[in-house]
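Notes for the one structure printed next.
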Amino acid sequence: KIDNIKIYGLGELDKSKIYKDLESFKDINLFFLEKQKILEVIKSFEIVESFFIFKNYPSDLNIKIKKTEFLAIIKKDNTNFYIGSNGNLIKTENYLSNLPIIFGEVNIKEFLRLKKIIDNSNFRYEDIQNLYYFKSKRWDIQTKDDLVIKLPIDELKSSFEILMKIY
């Protein structure tokens, strides 16, 4: 039977939330424990980027979790959310002031695509204060220096190359 469930890689608050949902697996024989059921529980938490489950016989279940990286802040229905690097929205009461704020009805996949292009360019993501997304699928970037960069809909990669030559 499982006596101990150990979770690594998260803060105490997040760890306790996951542990609470996993407690139902205690007293189940570790041999017959279905990993799929544990996977479902862990995947239900938006904050989880990736994880590794290790059955430490005879009675321990060890779970190593990598927390998602917070990339930006977005407001939906008067509620603040972080956008995680895993593509999930994570509800938050307060937020980190060093993250850019996204304005507009953004498709998360479109944002992650833009973030990847920025990361592959010489432009520093840390210099972004705000991102504006338009229904036409076009982005504006406001830097911390109050420079507004109006990006085209297409050819974002080459646009960043030109931008860096000018910038």
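In the structure tokens, each chain is lettered A, B, ... as it comes, each chain's residues begin at 1, and ligands are numbered from 1 in order of appearance.
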
Residue contacts of range 3-20 of chain A (10 Å, only C-alpha atoms) excluding same-chain residues fewer than 4 positions away, as a VMD selection string
chain A and resid 24 to 30 41 to 42 44 to 45 47 to 48 51 to 56 58 to 67

For Glu126 in chain A, please output as a list in words all residues within 12 Å (counting only C-alpha atoms; exclusion window: fewer than 5 positions along the same chain).
Leu71, Ala72, Ser97, Asn98, Leu99, Pro100, Ile101, Lys115, Ile118, Asp119, Ile141, Gln142, Thr143, Lys144 and Asp145 of chain A

Could you jot down the CA of Ile153 in chain A to CA of Thr79 in chain A separation for me, Å, one decimal place?
28.1 Å

May I have the residues within 12 Å of Lys76 in chain A as a PyMOL selection string, using only C-alpha atoms and disregarding those fewer than 6 positions away in the same chain?
chain A and resi 82-83+89-92+101-106

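Taking only C-alpha atoms into account, Asp21 in chain A lies nearest to A:Leu39 out of the set A:Ile108, A:Ile128, A:Leu39, A:Val148.
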
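Minimum atom-to-atom distances from A:Phe31, A:Tyr167, A:Tyr57, A:Phe134 to Asn107 in chain A were compared using only C-alpha atoms, and the lowest value belongs to A:Phe134.
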
Mind checking DSSP for range 82-128 of chain A and telling me the strand (DSSP E) residues as a list in words?
Tyr82, Ile83, Gly84, Leu89, Ile90, Lys91, Thr92, Ile101, Ile102, Phe103 and Ile128 of chain A

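Among the candidates A:Ile38, A:Glu161, A:Ile74, A:Asn86, the residue lying nearest to Tyr132 in chain A is A:Ile74 (atoms considered: only C-alpha atoms).
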
Write out as a ChimeraX atom specification the set of residues from chain A that DSSP, computed on the backbone, places in alpha helix (DSSP H).
/A:12-22,35-43,108-119,156-166

Within 12 Å of Leu114 in chain A using only C-alpha atoms, minus same-chain residues under 5 positions, as a PyMOL selection string:
chain A and resi 71+106-109+119-121+123+125+131-133+137-141+151-157+159-160

Let me see the file: selected residues, N, CA, C and O atoms, as a tab-separated table (two decimals), in the first residue's frame.
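Writing done, so here's out-v1.tsv:
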chain	number	residue	atom	x	y	z
A	71	LEU	N	4.49	33.66	-18.66
A	71	LEU	CA	5.00	34.45	-19.77
A	71	LEU	C	4.37	35.83	-19.87
A	71	LEU	O	5.02	36.78	-20.30
A	106	VAL	N	-6.97	37.50	-27.44
A	106	VAL	CA	-5.87	36.77	-28.07
A	106	VAL	C	-6.10	35.27	-28.04
A	106	VAL	O	-6.65	34.73	-27.08
A	107	ASN	N	-5.69	34.63	-29.11
A	107	ASN	CA	-5.63	33.19	-29.17
A	107	ASN	C	-4.27	32.81	-28.54
A	107	ASN	O	-3.24	33.31	-28.98
A	108	ILE	N	-4.28	31.96	-27.55
A	108	ILE	CA	-3.06	31.62	-26.81
A	108	ILE	C	-2.00	31.04	-27.76
A	108	ILE	O	-0.81	31.33	-27.63
A	109	LYS	N	-2.43	30.26	-28.74
A	109	LYS	CA	-1.46	29.69	-29.70
A	109	LYS	C	-0.77	30.79	-30.49
A	109	LYS	O	0.42	30.69	-30.79
A	119	ASP	N	11.85	34.95	-29.04
A	119	ASP	CA	12.96	34.22	-28.42
A	119	ASP	C	14.05	33.85	-29.42
A	119	ASP	O	15.22	33.76	-29.06
A	120	ASN	N	13.66	33.60	-30.67
A	120	ASN	CA	14.63	33.23	-31.69
A	120	ASN	C	15.26	34.44	-32.37
A	120	ASN	O	16.10	34.28	-33.25
A	121	SER	N	14.84	35.62	-31.96
A	121	SER	CA	15.44	36.84	-32.50
A	121	SER	C	16.37	37.44	-31.45
A	121	SER	O	16.53	36.89	-30.36
A	123	PHE	N	15.76	40.33	-30.16
A	123	PHE	CA	14.91	41.23	-29.37
A	123	PHE	C	14.72	40.62	-27.99
A	123	PHE	O	14.49	39.42	-27.86
A	125	TYR	N	12.70	39.82	-24.83
A	125	TYR	CA	11.32	39.71	-24.35
A	125	TYR	C	11.13	40.49	-23.05
A	125	TYR	O	10.07	41.04	-22.80
A	131	LEU	N	1.56	44.08	-24.73
A	131	LEU	CA	1.32	43.51	-26.06
A	131	LEU	C	-0.14	43.77	-26.41
A	131	LEU	O	-1.02	43.58	-25.57
A	132	TYR	N	-0.37	44.21	-27.64
A	132	TYR	CA	-1.73	44.49	-28.08
A	132	TYR	C	-2.04	43.56	-29.25
A	132	TYR	O	-1.31	43.53	-30.24
A	133	TYR	N	-3.12	42.81	-29.12
A	133	TYR	CA	-3.52	41.87	-30.17
A	133	TYR	C	-4.80	42.37	-30.82
A	133	TYR	O	-5.76	42.74	-30.14
A	137	LYS	N	-5.30	39.65	-36.38
A	137	LYS	CA	-4.15	38.79	-36.01
A	137	LYS	C	-2.83	39.55	-36.11
A	137	LYS	O	-1.79	38.98	-36.40
A	138	ARG	N	-2.89	40.84	-35.85
A	138	ARG	CA	-1.71	41.68	-35.87
A	138	ARG	C	-1.35	42.07	-34.45
A	138	ARG	O	-2.22	42.18	-33.59
A	139	TRP	N	-0.08	42.24	-34.18
A	139	TRP	CA	0.43	42.59	-32.86
A	139	TRP	C	1.08	43.97	-32.86
A	139	TRP	O	1.73	44.35	-33.82
A	140	ASP	N	0.89	44.67	-31.75
A	140	ASP	CA	1.70	45.85	-31.42
A	140	ASP	C	2.44	45.52	-30.14
A	140	ASP	O	1.89	44.88	-29.23
A	141	ILE	N	3.68	45.97	-30.05
A	141	ILE	CA	4.49	45.76	-28.85
A	141	ILE	C	4.84	47.13	-28.29
A	141	ILE	O	5.31	48.00	-29.03
A	151	LEU	N	3.70	45.52	-35.62
A	151	LEU	CA	4.15	44.39	-36.42
A	151	LEU	C	3.15	44.08	-37.53
A	151	LEU	O	1.95	44.29	-37.36
A	152	PRO	N	3.62	43.56	-38.66
A	152	PRO	CA	2.70	43.15	-39.72
A	152	PRO	C	2.04	41.81	-39.36
A	152	PRO	O	2.45	41.14	-38.41
A	153	ILE	N	1.05	41.44	-40.13
A	153	ILE	CA	0.36	40.17	-39.89
A	153	ILE	C	1.28	38.99	-40.25
A	153	ILE	O	1.37	38.02	-39.52
A	154	ASP	N	1.95	39.12	-41.39
A	154	ASP	CA	2.81	38.03	-41.88
A	154	ASP	C	4.28	38.41	-41.75
A	154	ASP	O	4.62	39.55	-41.47
A	155	GLU	N	5.13	37.43	-41.96
A	155	GLU	CA	6.58	37.64	-41.99
A	155	GLU	C	7.13	38.24	-40.69
A	155	GLU	O	7.95	39.14	-40.72
A	156	LEU	N	6.68	37.71	-39.56
A	156	LEU	CA	7.13	38.24	-38.27
A	156	LEU	C	8.62	38.02	-38.06
A	156	LEU	O	9.30	38.90	-37.52
A	157	LYS	N	9.11	36.89	-38.48
A	157	LYS	CA	10.53	36.60	-38.27
A	157	LYS	C	11.41	37.63	-38.98
A	157	LYS	O	12.32	38.20	-38.36
A	159	SER	N	10.50	40.53	-39.90
A	159	SER	CA	10.22	41.84	-39.31
A	159	SER	C	11.10	42.08	-38.09
A	159	SER	O	11.58	43.20	-37.88
A	160	PHE	N	11.32	41.04	-37.30
A	160	PHE	CA	12.18	41.20	-36.13
A	160	PHE	C	13.64	41.37	-36.53
A	160	PHE	O	14.39	42.07	-35.87

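Counting only C-alpha atoms, the residue from A:Ser85, A:Ile117, A:Lys37, A:Glu23 that sits nearest to Glu49 in chain A is A:Ser85.
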
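In this structure, CA of Gly84 in chain A sits 26.4 Å away from CA of Met164 in chain A.
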
With only C-alpha atoms as the basis for distance, which of A:Leu22, A:Lys150, A:Glu93, A:Ile73 is at the shortest distance from Gln129 in chain A?
A:Ile73

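Going from CA of Asn122 in chain A over to CA of Leu163 in chain A, you cover 9.5 Å.
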